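Participant: File structure_1.cif below, mmCIF, N, CA and C atoms:
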```
data_structure
#
loop_
_atom_site.label_atom_id
_atom_site.label_comp_id
_atom_site.auth_asym_id
_atom_site.auth_seq_id
_atom_site.Cartn_x
_atom_site.Cartn_y
_atom_site.Cartn_z
N MET M 1 2.32 68.68 18.02
CA MET M 1 2.98 68.27 19.24
C MET M 1 2.09 67.24 19.94
N SER M 2 2.70 66.15 20.38
CA SER M 2 1.95 65.10 21.06
C SER M 2 1.66 65.49 22.50
N ALA M 3 0.76 64.78 23.12
CA ALA M 3 0.43 65.03 24.53
C ALA M 3 1.65 64.79 25.41
N PHE M 4 2.45 63.77 25.08
CA PHE M 4 3.65 63.48 25.85
C PHE M 4 4.65 64.63 25.75
N SER M 5 4.84 65.13 24.55
CA SER M 5 5.78 66.23 24.33
C SER M 5 5.33 67.48 25.09
N ALA M 6 4.04 67.78 25.05
CA ALA M 6 3.51 68.95 25.77
C ALA M 6 3.71 68.78 27.27
N ALA M 7 3.50 67.58 27.78
CA ALA M 7 3.68 67.33 29.21
C ALA M 7 5.14 67.47 29.62
N ILE M 8 6.05 66.93 28.81
CA ILE M 8 7.48 67.05 29.10
C ILE M 8 7.90 68.51 29.10
N ASN M 9 7.43 69.29 28.13
CA ASN M 9 7.77 70.71 28.08
C ASN M 9 7.27 71.44 29.31
N ALA M 10 6.08 71.10 29.78
CA ALA M 10 5.53 71.73 30.99
C ALA M 10 6.37 71.37 32.21
N ILE M 11 6.80 70.13 32.30
CA ILE M 11 7.63 69.70 33.44
C ILE M 11 8.96 70.45 33.43
N PHE M 12 9.58 70.57 32.27
CA PHE M 12 10.88 71.25 32.20
C PHE M 12 10.76 72.76 32.44
N ARG M 13 9.59 73.35 32.21
CA ARG M 13 9.38 74.77 32.52
C ARG M 13 9.16 75.01 34.01
N ASP M 14 8.72 73.99 34.73
CA ASP M 14 8.40 74.13 36.15
C ASP M 14 9.69 74.34 36.96
N PRO M 15 9.80 75.47 37.70
CA PRO M 15 11.02 75.75 38.46
C PRO M 15 11.26 74.77 39.61
N ASN M 16 10.24 73.99 39.99
CA ASN M 16 10.40 72.98 41.03
C ASN M 16 10.96 71.67 40.48
N MET M 17 10.93 71.52 39.17
CA MET M 17 11.35 70.26 38.56
C MET M 17 12.67 70.37 37.80
N ALA M 18 12.91 71.50 37.15
CA ALA M 18 14.09 71.64 36.32
C ALA M 18 14.80 72.95 36.63
N VAL M 19 16.08 73.00 36.28
CA VAL M 19 16.89 74.20 36.54
C VAL M 19 17.60 74.63 35.25
N ASP M 20 18.01 75.90 35.24
CA ASP M 20 18.79 76.39 34.11
C ASP M 20 20.21 75.84 34.18
N ALA M 21 20.76 75.54 33.03
CA ALA M 21 22.13 75.03 32.94
C ALA M 21 22.76 75.52 31.65
N GLU M 22 24.09 75.40 31.59
CA GLU M 22 24.82 75.68 30.36
C GLU M 22 25.41 74.36 29.87
N TYR M 23 25.11 74.02 28.63
CA TYR M 23 25.60 72.78 28.03
C TYR M 23 26.79 73.10 27.14
N ARG M 24 27.82 72.26 27.22
CA ARG M 24 28.99 72.39 26.35
C ARG M 24 29.33 71.03 25.75
N SER M 25 29.32 70.96 24.44
CA SER M 25 29.69 69.73 23.74
C SER M 25 31.18 69.48 23.96
N GLY M 26 31.52 68.33 24.49
CA GLY M 26 32.92 68.00 24.75
C GLY M 26 33.54 68.87 25.84
N GLY M 27 32.71 69.64 26.54
CA GLY M 27 33.20 70.52 27.59
C GLY M 27 33.78 71.83 27.08
N ALA M 28 33.66 72.08 25.77
CA ALA M 28 34.27 73.28 25.17
C ALA M 28 33.20 74.30 24.81
N ASP M 29 33.62 75.56 24.80
CA ASP M 29 32.72 76.63 24.37
C ASP M 29 32.41 76.47 22.90
N PRO M 30 31.31 76.99 22.42
CA PRO M 30 30.38 77.87 23.11
C PRO M 30 29.38 77.10 23.95
N ALA M 31 28.84 77.77 24.96
CA ALA M 31 27.83 77.18 25.83
C ALA M 31 26.44 77.45 25.26
N THR M 32 25.54 76.52 25.50
CA THR M 32 24.14 76.65 25.11
C THR M 32 23.29 76.60 26.37
N SER M 33 22.37 77.53 26.53
CA SER M 33 21.46 77.53 27.68
C SER M 33 20.39 76.46 27.49
N VAL M 34 20.22 75.62 28.51
CA VAL M 34 19.24 74.53 28.48
C VAL M 34 18.58 74.44 29.86
N ARG M 35 17.56 73.61 29.94
CA ARG M 35 16.93 73.27 31.22
C ARG M 35 17.20 71.79 31.47
N VAL M 36 17.57 71.45 32.70
CA VAL M 36 17.84 70.06 33.05
C VAL M 36 17.11 69.69 34.33
N MET M 37 16.79 68.41 34.44
CA MET M 37 16.31 67.86 35.70
C MET M 37 17.48 67.11 36.31
N ARG M 38 17.79 67.47 37.54
CA ARG M 38 18.94 66.89 38.24
C ARG M 38 18.44 66.09 39.43
N THR M 39 18.87 64.85 39.52
CA THR M 39 18.58 64.03 40.69
C THR M 39 19.89 63.46 41.20
N VAL M 40 19.92 63.15 42.48
CA VAL M 40 21.14 62.65 43.11
C VAL M 40 20.83 61.34 43.83
N PRO M 41 20.62 60.27 43.07
CA PRO M 41 20.33 58.98 43.70
C PRO M 41 21.61 58.31 44.21
N ASP M 42 21.50 57.58 45.31
CA ASP M 42 22.62 56.77 45.75
C ASP M 42 22.62 55.47 44.94
N VAL M 43 23.78 55.03 44.55
CA VAL M 43 23.92 53.82 43.76
C VAL M 43 24.67 52.78 44.58
N MET M 44 24.09 51.59 44.71
CA MET M 44 24.74 50.50 45.43
C MET M 44 25.67 49.78 44.45
N SER M 45 26.94 49.67 44.84
CA SER M 45 27.92 49.00 43.98
C SER M 45 28.63 47.92 44.79
N GLU M 46 29.22 46.99 44.06
CA GLU M 46 29.97 45.92 44.70
C GLU M 46 31.37 45.87 44.12
N PHE M 47 32.32 45.57 44.99
CA PHE M 47 33.70 45.39 44.56
C PHE M 47 34.26 44.24 45.38
N ASN M 48 34.73 43.21 44.69
CA ASN M 48 35.16 41.97 45.34
C ASN M 48 34.05 41.48 46.26
N THR M 49 34.28 41.41 47.56
CA THR M 49 33.26 40.93 48.47
C THR M 49 32.57 42.06 49.22
N GLY M 50 32.94 43.29 48.92
CA GLY M 50 32.36 44.43 49.63
C GLY M 50 31.28 45.13 48.83
N ARG M 51 30.41 45.81 49.54
CA ARG M 51 29.37 46.62 48.91
C ARG M 51 29.51 48.04 49.45
N TYR M 52 29.27 49.01 48.58
CA TYR M 52 29.35 50.39 49.03
C TYR M 52 28.32 51.23 48.29
N VAL M 53 27.97 52.34 48.91
CA VAL M 53 27.02 53.27 48.30
C VAL M 53 27.83 54.42 47.72
N ALA M 54 27.61 54.70 46.45
CA ALA M 54 28.32 55.78 45.77
C ALA M 54 27.32 56.85 45.35
N GLU M 55 27.70 58.10 45.57
CA GLU M 55 26.88 59.20 45.08
C GLU M 55 26.94 59.23 43.57
N SER M 56 25.83 59.56 42.97
CA SER M 56 25.81 59.76 41.53
C SER M 56 24.91 60.95 41.24
N VAL M 57 25.03 61.47 40.05
CA VAL M 57 24.18 62.57 39.61
C VAL M 57 23.55 62.14 38.30
N ALA M 58 22.23 62.21 38.25
CA ALA M 58 21.51 61.90 37.02
C ALA M 58 20.99 63.20 36.44
N LEU M 59 21.26 63.42 35.16
CA LEU M 59 20.80 64.62 34.47
C LEU M 59 19.92 64.22 33.30
N ASP M 60 18.75 64.83 33.22
CA ASP M 60 17.85 64.64 32.09
C ASP M 60 17.76 65.96 31.35
N VAL M 61 17.86 65.91 30.04
CA VAL M 61 17.76 67.12 29.20
C VAL M 61 16.93 66.75 27.97
N ARG M 62 16.15 67.70 27.49
CA ARG M 62 15.31 67.44 26.32
C ARG M 62 16.17 67.30 25.06
N ILE M 63 15.82 66.34 24.25
CA ILE M 63 16.51 66.12 22.98
C ILE M 63 16.30 67.32 22.06
N SER M 64 15.19 68.03 22.23
CA SER M 64 14.95 69.23 21.43
C SER M 64 15.96 70.34 21.74
N GLU M 65 16.60 70.28 22.91
CA GLU M 65 17.61 71.28 23.28
C GLU M 65 19.04 70.78 23.01
N VAL M 66 19.27 69.49 23.17
CA VAL M 66 20.59 68.89 22.93
C VAL M 66 20.38 67.70 22.01
N GLU M 67 20.65 67.92 20.73
CA GLU M 67 20.37 66.89 19.73
C GLU M 67 21.22 65.63 19.94
N THR M 68 22.49 65.83 20.26
CA THR M 68 23.41 64.71 20.47
C THR M 68 24.11 64.90 21.80
N LEU M 69 24.02 63.93 22.68
CA LEU M 69 24.67 63.98 23.99
C LEU M 69 25.65 62.83 24.07
N GLU M 70 26.89 63.14 24.46
CA GLU M 70 27.94 62.12 24.50
C GLU M 70 28.75 62.21 25.78
N LYS M 71 29.45 61.13 26.07
CA LYS M 71 30.38 61.10 27.19
C LYS M 71 31.38 62.25 27.03
N GLY M 72 31.63 62.98 28.11
CA GLY M 72 32.57 64.09 28.07
C GLY M 72 31.91 65.45 27.90
N ASP M 73 30.64 65.47 27.46
CA ASP M 73 29.90 66.74 27.40
C ASP M 73 29.70 67.22 28.84
N THR M 74 29.56 68.53 29.02
CA THR M 74 29.41 69.06 30.37
C THR M 74 28.18 69.95 30.49
N PHE M 75 27.69 70.02 31.73
CA PHE M 75 26.61 70.92 32.11
C PHE M 75 27.09 71.72 33.31
N THR M 76 26.91 73.03 33.26
CA THR M 76 27.23 73.90 34.39
C THR M 76 25.91 74.30 35.03
N ILE M 77 25.78 73.97 36.31
CA ILE M 77 24.56 74.25 37.06
C ILE M 77 24.96 75.00 38.32
N GLY M 78 24.54 76.24 38.43
CA GLY M 78 24.84 77.03 39.62
C GLY M 78 26.32 77.12 39.93
N GLY M 79 27.15 77.23 38.90
CA GLY M 79 28.58 77.35 39.08
C GLY M 79 29.32 76.03 39.21
N GLU M 80 28.60 74.91 39.32
CA GLU M 80 29.23 73.59 39.39
C GLU M 80 29.21 72.95 38.00
N VAL M 81 30.31 72.30 37.65
CA VAL M 81 30.42 71.66 36.33
C VAL M 81 30.28 70.15 36.51
N PHE M 82 29.39 69.56 35.71
CA PHE M 82 29.15 68.12 35.74
C PHE M 82 29.47 67.55 34.36
N ALA M 83 30.31 66.51 34.33
CA ALA M 83 30.67 65.86 33.07
C ALA M 83 29.87 64.58 32.90
N VAL M 84 29.35 64.37 31.71
CA VAL M 84 28.60 63.16 31.39
C VAL M 84 29.57 61.99 31.37
N ILE M 85 29.22 60.93 32.10
CA ILE M 85 30.03 59.71 32.09
C ILE M 85 29.18 58.58 31.51
N GLY M 86 29.80 57.66 30.87
CA GLY M 86 29.05 56.57 30.27
C GLY M 86 28.27 57.03 29.04
N ALA M 87 27.44 56.14 28.55
CA ALA M 87 26.67 56.42 27.33
C ALA M 87 25.27 56.90 27.71
N PRO M 88 24.90 58.12 27.35
CA PRO M 88 23.54 58.59 27.61
C PRO M 88 22.54 57.73 26.84
N ARG M 89 21.32 57.68 27.32
CA ARG M 89 20.29 56.91 26.63
C ARG M 89 19.02 57.75 26.52
N ARG M 90 18.20 57.45 25.53
CA ARG M 90 16.95 58.18 25.30
C ARG M 90 15.81 57.49 26.05
N ASP M 91 14.79 58.27 26.41
CA ASP M 91 13.60 57.68 27.00
C ASP M 91 12.80 56.98 25.91
N SER M 92 11.77 56.25 26.30
CA SER M 92 11.03 55.43 25.34
C SER M 92 10.28 56.26 24.29
N GLU M 93 9.98 57.53 24.60
CA GLU M 93 9.29 58.40 23.64
C GLU M 93 10.25 59.17 22.75
N GLY M 94 11.56 59.09 23.03
CA GLY M 94 12.55 59.82 22.24
C GLY M 94 12.54 61.32 22.49
N LEU M 95 12.15 61.73 23.72
CA LEU M 95 12.06 63.14 24.05
C LEU M 95 13.16 63.62 24.98
N ILE M 96 13.73 62.71 25.76
CA ILE M 96 14.68 63.10 26.81
C ILE M 96 15.94 62.25 26.74
N TRP M 97 17.09 62.92 26.91
CA TRP M 97 18.35 62.21 27.14
C TRP M 97 18.45 61.96 28.65
N LYS M 98 18.78 60.75 29.03
CA LYS M 98 19.03 60.40 30.43
C LYS M 98 20.51 60.08 30.53
N SER M 99 21.19 60.76 31.45
CA SER M 99 22.63 60.55 31.55
C SER M 99 23.07 60.53 33.00
N GLU M 100 24.19 59.89 33.23
CA GLU M 100 24.83 59.91 34.53
C GLU M 100 26.01 60.87 34.41
N ALA M 101 26.22 61.65 35.45
CA ALA M 101 27.28 62.66 35.40
C ALA M 101 28.08 62.64 36.70
N ARG M 102 29.24 63.22 36.63
CA ARG M 102 30.12 63.33 37.79
C ARG M 102 30.57 64.77 37.90
N LYS M 103 30.57 65.27 39.13
CA LYS M 103 31.01 66.65 39.37
C LYS M 103 32.50 66.76 39.09
N ASN M 104 32.87 67.76 38.30
CA ASN M 104 34.29 68.00 38.00
C ASN M 104 34.92 68.70 39.20
N GLU M 105 35.92 68.10 39.77
CA GLU M 105 36.66 68.71 40.89
C GLU M 105 37.83 69.50 40.33
N VAL M 106 37.91 70.76 40.71
CA VAL M 106 38.99 71.62 40.19
C VAL M 106 40.05 71.80 41.23
#
```
What's the structure tokens form of this structure?
Facilitator:
Amino acid sequence: MSAFSAAINAIFRDPNMAVDAEYRSGGADPATSVRVMRTVPDVMSEFNTGRYVAESVALDVRISEVETLEKGDTFTIGGEVFAVIGAPRRDSEGLIWKSEARKNEV
């Protein structure tokens, strides 16, 4: 295990940095228990001549826990379901999936 991998594992174990979640490929069962880092950055967007701030949710999950992450996959965190939107991307070390997600409104 590399120093980077050990550091990432320690960060994901830290309860202040990551939370428990259930991952579902394509949003369908069965669910897999994983740890995710969730951030909620505001994103500045433009439409025609206007600018607006849109809420977004960024989810990071270890590739060792989710081998393939795709648009439409879901994570359930504390009873809330978040669907991956767009194409997830890997970090430069190939250890983490970085994805943007949207809360599913029921």
Participant: With only N, CA and C atoms as the atoms that count, which of M:Ala18, M:Ala6, M:Ile85, M:Arg102 lies nearest to M:Val34?
Facilitator: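 Closest candidate: M:Ala18.
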Participant: Set the distance at 8 Å and use only N, CA and C atoms: which residues neighbour M:Glu65 once local chain neighbours fewer than 6 positions away are removed? I'd like the list as an mmCIF file with N, CA and C atoms, in the frame of the given file.
Facilitator:
```cif
data_model
loop_
_atom_site.group_PDB
_atom_site.id
_atom_site.type_symbol
_atom_site.label_atom_id
_atom_site.label_comp_id
_atom_site.auth_asym_id
_atom_site.auth_seq_id
_atom_site.Cartn_x
_atom_site.Cartn_y
_atom_site.Cartn_z
ATOM 1 N N THR M 32 25.540 76.520 25.500
ATOM 2 C CA THR M 32 24.140 76.650 25.110
ATOM 3 C C THR M 32 23.290 76.600 26.370
ATOM 4 N N SER M 33 22.370 77.530 26.530
ATOM 5 C CA SER M 33 21.460 77.530 27.680
ATOM 6 C C SER M 33 20.390 76.460 27.490
ATOM 7 N N VAL M 34 20.220 75.620 28.510
ATOM 8 C CA VAL M 34 19.240 74.530 28.480
ATOM 9 C C VAL M 34 18.580 74.440 29.860
ATOM 10 N N ARG M 35 17.560 73.610 29.940
ATOM 11 C CA ARG M 35 16.930 73.270 31.220
ATOM 12 C C ARG M 35 17.200 71.790 31.470
ATOM 13 N N LEU M 95 12.150 61.730 23.720
ATOM 14 C CA LEU M 95 12.060 63.140 24.050
ATOM 15 C C LEU M 95 13.160 63.620 24.980
#
```
Participant: Have a look at atom C of M:Gly94 and atom CA of M:Arg62 and let me know their distance in Å, one decimal.
Facilitator: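 It comes out at 7.7 Å.
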Participant: Quick one: everything within 6 Å of M:Val19, counting only N, CA and C atoms, minus sequence neighbours fewer than 2 positions away in the same chain. Send it as a list in words.
Facilitator: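 Those residues are Met17, Ala21, Val34, Arg35, Val36, Met37 and Arg38 of chain M.
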Participant: Taking N, CA and C atoms for each residue, export the selection above as a compact mmCIF listing (two decimals), keeping the file's coordinate frame.
Facilitator:
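Output file part25.txt follows:
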```txt
# COMPACT_ATOMS: atom_id res chain seq x y z
N MET M 17 10.93 71.52 39.17
CA MET M 17 11.35 70.26 38.56
C MET M 17 12.67 70.37 37.80
N ALA M 21 20.76 75.54 33.03
CA ALA M 21 22.13 75.03 32.94
C ALA M 21 22.76 75.52 31.65
N VAL M 34 20.22 75.62 28.51
CA VAL M 34 19.24 74.53 28.48
C VAL M 34 18.58 74.44 29.86
N ARG M 35 17.56 73.61 29.94
CA ARG M 35 16.93 73.27 31.22
C ARG M 35 17.20 71.79 31.47
N VAL M 36 17.57 71.45 32.70
CA VAL M 36 17.84 70.06 33.05
C VAL M 36 17.11 69.69 34.33
N MET M 37 16.79 68.41 34.44
CA MET M 37 16.31 67.86 35.70
C MET M 37 17.48 67.11 36.31
N ARG M 38 17.79 67.47 37.54
CA ARG M 38 18.94 66.89 38.24
C ARG M 38 18.44 66.09 39.43
```
Participant: Might you spell out which residues the PyMOL selection byres ((chain M and resi 72-84) around 6.5) would select in the displayed file, as a list in words?
Facilitator: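 So the PyMOL selection byres ((chain M and resi 72-84) around 6.5), applied here, picks out Asp20, Ala21, Glu22, Tyr23, Arg24, Ser25, Gly26, Gly27, Ala28, Glu70, Lys71, Ile85, Gly86, Ser99, Glu100, Ala101, Arg102, Lys103 and Asn104 of chain M.
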Participant: Which of stretch 31-82 of chain M counts as strand (DSSP E) under DSSP, as a ChimeraX atom specification please?
Facilitator: /M:32-39,42-47,50-55,57-62,74-77,80-82
Participant: Might you pull out every residue within 6.5 Å of M:Arg89, with all atoms listed in the file counted and same-chain residues fewer than 3 positions away left off, and present them as a ChimeraX atom specification?
Facilitator: /M:96-99
Participant: Please run DSSP on the backbone and report, as a list of chain:residue names, all residues within chain M that come out as alpha helix (DSSP H).
Facilitator: M:Ala3, M:Phe4, M:Ser5, M:Ala6, M:Ala7, M:Ile8, M:Asn9, M:Ala10, M:Ile11, M:Phe12, M:Arg13
Participant: By how many Å are atom CA of M:Ser45 and atom CA of M:Val57 apart?
Facilitator: 14.7 Å
